[in-house]
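Shown next, in structure tokens, is the structure this report addresses.
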Amino acid sequence: MQTEYLIAVNEFCASHNIEISFISSLEQNGLIEIMTIQETGFIDAGQIQQLEKYIRFYYELEINLEGIETITHLLRRIDLMQDEIILLKNRLRLYETEL
Amino acid sequence: MIFLDYYKILGIEKTATPKDVKNAYRKLARKYHPDLNPNDKDAKKNFQQINEANEVLSDPEKRKKYDQYGKDWQHADEFEKAKQYQEQSSNYQRPGYSGAQPEGDFSDFFESLFGGSAGARGNRQVKFRGQDFNAELHLDLIDAFKTHTQTLSVNRKKIRITIPAGIENGQTIKIPGHGGHGVNGGPNGDLYITFSIANHPDIKRLGNDLYTKADLDLYKAVLGGEITIDTLKGKVKLKVKPETQNGSRIKLKGMGFPVYKNEGHFGDLYVTYSIKIPTNLTDKQKELFIELSRSEF
């Protein structure tokens, strides 16, 4: 069975000095998932890195939620394209050294 | 060590107001922030420079010192109060970004003028995640064929990593927590290893499939027979069908490359026959070929 590490949303917000409403907005926009257990919201530890990235976008780069959503979508596309580039480069290698 | 023109880096005039500095920095940070430019070393370098420029120009004390002594940084005597300054400015709250590297990434020029970067940043108790490290690991095809461990030296610490069979050329794996140290109790960064897998002289790889070439003498190609070829799994005997054509290809199912993180699953091996025409024929052999050429097929 896989162990899940959960972090309480209010504790996360307190330690990062951010408003809980920001986390709620991210959830409403489908950018993160919050689990509610006994009326307390929790974030899976696996999402923390991405969440911290959203915090930097919002609070430090002053990018609004719509911007974050767009950037996230584009970054995912970049990831997919980078995978495709690797695949194509490897395929090219095959033909560059003719068998 | 070279002089860094922080005004030029931020694209502003010397007369720029604090608001101008902030706006210029924010604009460039949105362009070069590492979160927005994954795996882009140039963007990272640019971001470090603009971060450093902002560190200096957004702090009135540092800016004054930079304006006064910046170009003459070699005259270390001029900066005798650097350490004293660090103490005085310890309450200064830097409006900088935490996304990249909070320490150890300032230029020599900065360190010469303002002392150690960590000290210059004051005593804020904000937790920073450590810097992510990127490394490239070179393997040959045979290494990548089987799951194996390698010991790497990162930050003077040795770490042992397991490389799963089937890793792809250009693929990057993340080793969590093995990047730079976090600051003020923040988590460590991650280590990203990109694999560069060298071509094998005789066997080529495309995804999970392998491609190789087998020489076949004319007689076996015409009459059929058996040959032995080298594969990454060892030697394999192949039955050659009579009348095999030059360039024809056969598939050996499951004899290809292991599928990444899917134990027991393999791609296929494709073998292309290359028929060798005999050379240095004897008179007798030539006669036989002439006879053959006259016969009707």
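Scheme for the structure tokens: letters A, B, ... for chains in order shown; per-chain residue numbers from 1; ligand numbers from 1 in order shown.
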**OP:** Pick out the chain B residues within 7 Å of chain A. Count only C-alpha atoms. Give them as a ChimeraX atom specification.
**Re:** /B:26,30,35,97,99,170,204-206,212-213
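In this model, the gap between CA of Tyr5 in chain A and CA of Gln47 in chain A comes to 10.3 Å.
Nearest residue to Glu11 in chain A among A:Ser24, A:Ile32, A:Leu51, A:Thr40 is A:Thr40, counting only C-alpha atoms.
Every protein, DNA or RNA residue with an atom at most 12 Å from Ala14 in chain A, where only C-alpha atoms count and chain neighbours fewer than 6 positions away do not, is listed here: Ile7, Ala8, Ile20 and Ile23 of chain A; Val126 of chain B.
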Original post:
Which one of A:Ile43, A:Glu84, A:Phe22, A:Met35 sits closest to Val9 in chain A if you count only C-alpha atoms?
Top reply: A:Ile43
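Residues surrounding Glu4 in chain A within 9 Å are Asp44, Ala45 and Gly46 of chain A [only C-alpha atoms; sequence separation below 6 positions excluded].
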Original post:
What is the distance, in Å and to one decimal place, between CA of Ala221 in chain B and CA of Asn246 in chain B?
Top reply: 8.2 Å
